[in-house]
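Below is structure.cif, holding mmCIF, C-alpha atoms.
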```
data_entry
#
loop_
_atom_site.label_atom_id
_atom_site.label_comp_id
_atom_site.auth_asym_id
_atom_site.auth_seq_id
_atom_site.Cartn_x
_atom_site.Cartn_y
_atom_site.Cartn_z
CA MET A 24 -18.44 13.93 -11.37
CA HIS A 25 -17.81 13.14 -7.71
CA ARG A 26 -18.74 9.50 -8.18
CA TRP A 27 -16.36 9.02 -11.11
CA PHE A 28 -13.57 10.60 -9.07
CA LYS A 29 -14.22 8.15 -6.25
CA VAL A 30 -14.30 5.18 -8.63
CA THR A 31 -11.08 6.36 -10.30
CA LEU A 32 -9.44 6.80 -6.91
CA GLY A 33 -10.56 3.30 -5.95
CA LEU A 34 -9.10 1.86 -9.12
CA LEU A 35 -5.83 3.67 -8.48
CA PHE A 36 -5.68 2.27 -4.95
CA ILE A 37 -6.30 -1.25 -6.16
CA SER A 38 -3.59 -0.91 -8.80
CA ILE A 39 -1.12 0.43 -6.24
CA LEU A 40 -1.86 -2.39 -3.83
CA LEU A 41 -1.48 -5.00 -6.52
CA ALA A 42 1.86 -3.54 -7.59
CA GLY A 43 3.17 -3.05 -4.05
CA CYS A 44 2.13 -6.40 -2.64
CA GLN A 45 3.92 -8.56 -5.17
CA LYS A 46 6.88 -10.53 -3.97
CA ALA A 47 10.25 -9.46 -5.31
CA PRO A 48 11.81 -11.96 -7.72
CA VAL A 49 14.64 -13.95 -6.27
CA THR A 50 17.77 -13.79 -8.35
CA PRO A 51 20.22 -16.65 -7.91
CA PRO A 52 23.79 -15.70 -7.09
CA ALA A 53 26.02 -15.44 -10.14
CA ALA A 54 28.04 -18.53 -10.85
CA THR A 55 31.71 -18.01 -10.20
CA GLN A 56 33.97 -18.69 -13.11
CA GLU A 57 37.63 -19.31 -12.75
CA SER A 58 39.60 -16.68 -14.56
CA THR A 59 42.77 -17.61 -16.34
CA PRO A 60 45.72 -15.28 -15.87
CA THR A 61 46.79 -13.36 -18.93
CA ALA A 62 50.38 -13.18 -20.05
CA THR A 63 50.29 -9.43 -20.70
CA PRO A 64 51.26 -7.42 -17.64
CA ALA A 65 49.31 -4.28 -16.89
CA PRO A 66 51.23 -1.06 -17.59
CA THR A 67 52.30 0.92 -14.57
CA THR A 68 52.09 4.67 -14.44
CA ALA A 69 52.95 7.06 -11.71
CA VAL A 70 50.03 9.08 -10.46
CA THR A 71 50.57 12.20 -8.46
CA PRO A 72 47.68 12.81 -6.09
CA SER A 73 46.14 16.23 -6.37
CA PRO A 74 44.78 17.99 -3.35
CA SER A 75 41.12 17.24 -3.00
CA PRO A 76 38.70 20.12 -2.63
CA ARG A 77 37.28 20.74 0.78
CA VAL A 78 33.80 19.29 1.13
CA GLU A 79 31.54 20.57 3.84
CA GLU A 80 29.87 17.88 5.86
CA PRO A 81 26.10 18.24 5.88
CA THR A 82 24.66 18.87 9.27
CA PRO A 83 22.43 16.06 10.41
CA THR A 84 18.76 16.91 10.47
CA THR A 85 16.22 15.37 12.73
CA VAL A 86 12.91 14.28 11.30
CA ALA A 87 10.04 13.70 13.66
CA VAL A 88 8.33 10.42 12.89
CA GLU A 89 4.95 9.62 14.32
CA SER A 90 5.34 6.30 16.04
CA PRO A 91 2.32 4.16 16.79
CA PRO A 92 1.69 3.12 20.36
CA THR A 93 3.73 0.17 21.54
CA ALA A 94 1.23 -1.02 24.13
CA THR A 95 -1.87 -2.87 23.09
CA PRO A 96 -4.33 -0.14 22.19
CA ALA A 97 -7.87 -0.13 23.44
CA PRO A 98 -10.32 -1.60 20.95
CA LEU A 99 -11.53 0.98 18.48
CA GLU A 100 -15.19 1.67 17.98
CA LEU A 101 -15.60 0.67 14.35
CA PRO A 102 -18.63 0.70 12.08
CA THR A 103 -20.20 -2.71 11.48
CA ILE A 104 -18.89 -2.71 7.93
CA ALA A 105 -15.36 -3.02 9.39
CA ASP A 106 -16.19 -5.95 11.69
CA GLY A 107 -13.50 -8.62 11.62
CA LEU A 108 -10.64 -6.34 10.53
CA GLN A 109 -9.36 -5.55 14.02
CA GLY A 110 -6.69 -7.82 15.51
CA LEU A 111 -5.46 -9.31 12.22
CA ASP A 112 -1.78 -9.60 11.37
CA ILE A 113 -0.78 -6.92 8.87
CA ASP A 114 -0.78 -9.16 5.79
CA SER A 115 -4.23 -10.55 6.58
CA PHE A 116 -5.42 -7.02 7.30
CA PHE A 117 -4.23 -5.84 3.87
CA GLU A 118 -5.95 -8.76 2.17
CA GLN A 119 -9.24 -8.44 4.04
CA SER A 120 -9.46 -4.64 3.84
CA TYR A 121 -8.62 -4.79 0.11
CA ILE A 122 -11.39 -7.34 -0.47
CA ARG A 123 -13.85 -5.21 1.53
CA LEU A 124 -13.03 -2.13 -0.54
CA VAL A 125 -12.87 -3.76 -3.96
CA THR A 126 -16.12 -5.69 -3.54
CA ARG A 127 -17.89 -2.34 -3.21
CA TYR A 128 -17.20 -1.82 -6.95
CA PRO A 129 -18.59 -4.90 -8.77
CA GLU A 130 -18.14 -3.35 -12.22
CA TYR A 131 -14.40 -3.09 -11.63
CA ILE A 132 -14.22 -6.65 -10.30
CA THR A 133 -15.92 -7.88 -13.46
CA THR A 134 -13.48 -5.86 -15.60
CA LEU A 135 -10.54 -7.46 -13.80
CA GLY A 136 -12.06 -10.93 -14.22
CA LEU A 137 -12.17 -11.50 -10.46
CA SER A 138 -15.92 -12.01 -10.14
CA ASP A 139 -15.71 -15.76 -9.59
CA ALA A 140 -12.70 -15.52 -7.25
CA LEU A 141 -14.42 -12.93 -5.05
CA GLY A 142 -17.91 -14.36 -5.35
CA VAL A 143 -19.41 -11.30 -7.01
CA ARG A 144 -22.09 -11.69 -9.67
CA LYS A 145 -21.09 -10.41 -13.10
CA ASP A 146 -24.40 -8.62 -13.65
CA ARG A 147 -24.00 -6.14 -10.76
CA LEU A 148 -23.53 -2.37 -11.12
CA ASN A 149 -21.73 -0.06 -8.73
CA ASP A 150 -24.04 1.40 -6.09
CA MET A 151 -23.49 5.15 -6.17
CA SER A 152 -26.26 6.15 -3.76
CA GLY A 153 -25.45 8.66 -1.05
CA ALA A 154 -25.91 6.12 1.74
CA TYR A 155 -23.61 3.61 0.05
CA VAL A 156 -20.94 6.25 -0.55
CA ARG A 157 -21.11 7.32 3.11
CA GLU A 158 -20.82 3.67 4.18
CA THR A 159 -17.76 3.27 1.94
CA GLN A 160 -16.23 6.39 3.47
CA ALA A 161 -16.86 4.99 6.95
CA LEU A 162 -15.02 1.81 5.91
CA GLU A 163 -12.10 3.86 4.57
CA LYS A 164 -11.91 5.85 7.82
CA ALA A 165 -12.02 2.64 9.86
CA ILE A 166 -9.22 1.12 7.78
CA LEU A 167 -7.17 4.29 8.30
CA ALA A 168 -7.75 4.14 12.07
CA LEU A 169 -6.76 0.46 12.15
CA LEU A 170 -3.60 1.11 10.12
CA LYS A 171 -2.45 3.50 12.84
CA THR A 172 -2.57 0.70 15.43
CA TYR A 173 0.21 -1.35 13.81
CA ASP A 174 3.79 -0.97 15.07
CA ARG A 175 5.61 0.22 11.95
CA ALA A 176 9.02 -0.61 13.42
CA ALA A 177 8.03 -4.29 13.45
CA LEU A 178 7.00 -4.29 9.76
CA THR A 179 9.13 -5.09 6.73
CA LEU A 180 9.91 -2.30 4.29
CA GLU A 181 7.32 -3.66 1.86
CA GLN A 182 4.69 -3.72 4.58
CA GLN A 183 5.59 -0.17 5.65
CA LEU A 184 5.20 0.99 2.05
CA SER A 185 1.83 -0.75 1.81
CA VAL A 186 0.74 0.96 5.05
CA GLN A 187 1.72 4.34 3.61
CA LYS A 188 -0.09 3.69 0.32
CA SER A 189 -3.21 2.39 2.04
CA ALA A 190 -3.27 5.34 4.45
CA TRP A 191 -2.85 7.78 1.55
CA TYR A 192 -5.72 6.18 -0.34
CA CYS A 193 -8.05 6.08 2.66
CA ARG A 194 -7.34 9.72 3.55
CA ALA A 195 -7.87 10.87 -0.05
CA ALA A 196 -10.97 8.75 -0.70
CA SER A 197 -12.73 9.46 2.59
CA SER A 198 -12.17 13.22 2.29
CA SER A 199 -13.39 13.43 -1.32
CA GLY A 200 -17.01 13.22 -0.27
#
```
Could I get this structure in the form of C-alpha cells?
Amino acid sequence: MHRWFKVTLGLLFISILLAGCQKAPVTPPAATQESTPTATPAPTTAVTPSPSPRVEEPTPTTVAVESPPTATPAPLELPTIADGLQGLDIDSFFEQSYIRLVTRYPEYITTLGLSDALGVRKDRLNDMSGAYVRETQALEKAILALLKTYDRAALTLEQQLSVQKSAWYCRAASSSG
C-alpha cells in the first residue's frame, strides 16, 4: 500500500507542476470603439445620503515569514543522485528536478507518452525496491534543501507558487516512507 501511495503522490506532484508552470495566456487589450451620444438625457433624481454605519478598522496582524539567506550559502552536501542541481537558476532547477523525479517512474512516463522525449524505454516498470525508494527519498530531501537556498523575494509570483508546491510535495513524499 505504501508504494501505491508514493506513486500516487508522485503523480499528483507532476500534475501540479504541469498546471503551475504553464504560461498565462496573453489577452490583447480591448479595442476602443467610439460611442455615439444618445439624444435621450438621463433622468435626474435627488438622493439624500444616509448616515453610513460605523465600520471598525481591522487591526493589522504581523505574519512571520521565513526568509532564505541573502548571502551566498555554503554548498550543501547532497547525495550523488542530486548532482548538477545546485547552482541552477530557479526555472532550470524546476525543470531538472522534475525530470529527475519523473524518470524514477517509467510506467507513468509511458502513460503520459513522454518516453521518447525523456529517453525512457517503454518496456520499463517502476522499481519499488527498498533501496530505490530510499534513494528517491534522498533526492526529494535534497530538492527540498535546495529550494530553501533560493531568495523568494527575487522570484515571480508563479515561481514562488512553484517553490511552495515543490516543497510541499518533497516534504510529503520524503516523510511517507
For this session: Quick one: apply the PyMOL selection byres ((chain A and resi 112-128) around 10) to the file and drop the selected residues here as a ChimeraX atom specification.
Result: /A:30,33-34,36-37,40-41,44,104-105,107-111,129-133,137-138,141-143,147-151,155-156,158-160,162-163,165-166,169-170,173-174,178,182-183,185-186,189
Exercise. Atom CA of A:Ala196 and atom CA of A:Asp146, how far apart in Å?
Worked result: 25.5 Å
Exercise. Which value, in Å to one decimal, gives the distance between atom CA of A:Ser198 and atom CA of A:Lys171?
Worked result: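 That distance, rounded to one decimal, is 17.3 Å.
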Exercise. What does the distance between atom CA of A:Thr172 and atom CA of A:Ser199 come to in Å, to one decimal place?
Worked result: 23.7 Å
Can you tell me, as JSON, the centre and edge lengths (Å, one decimal) of the axis-aligned box enclosing all of stretch 118-135 of chain A's listed atoms after padding each side by 8 Å?
```
{"center_x": -12.3, "center_y": -5.3, "center_z": -5.8, "size_x": 28.6, "size_y": 22.9, "size_z": 35.6}
```
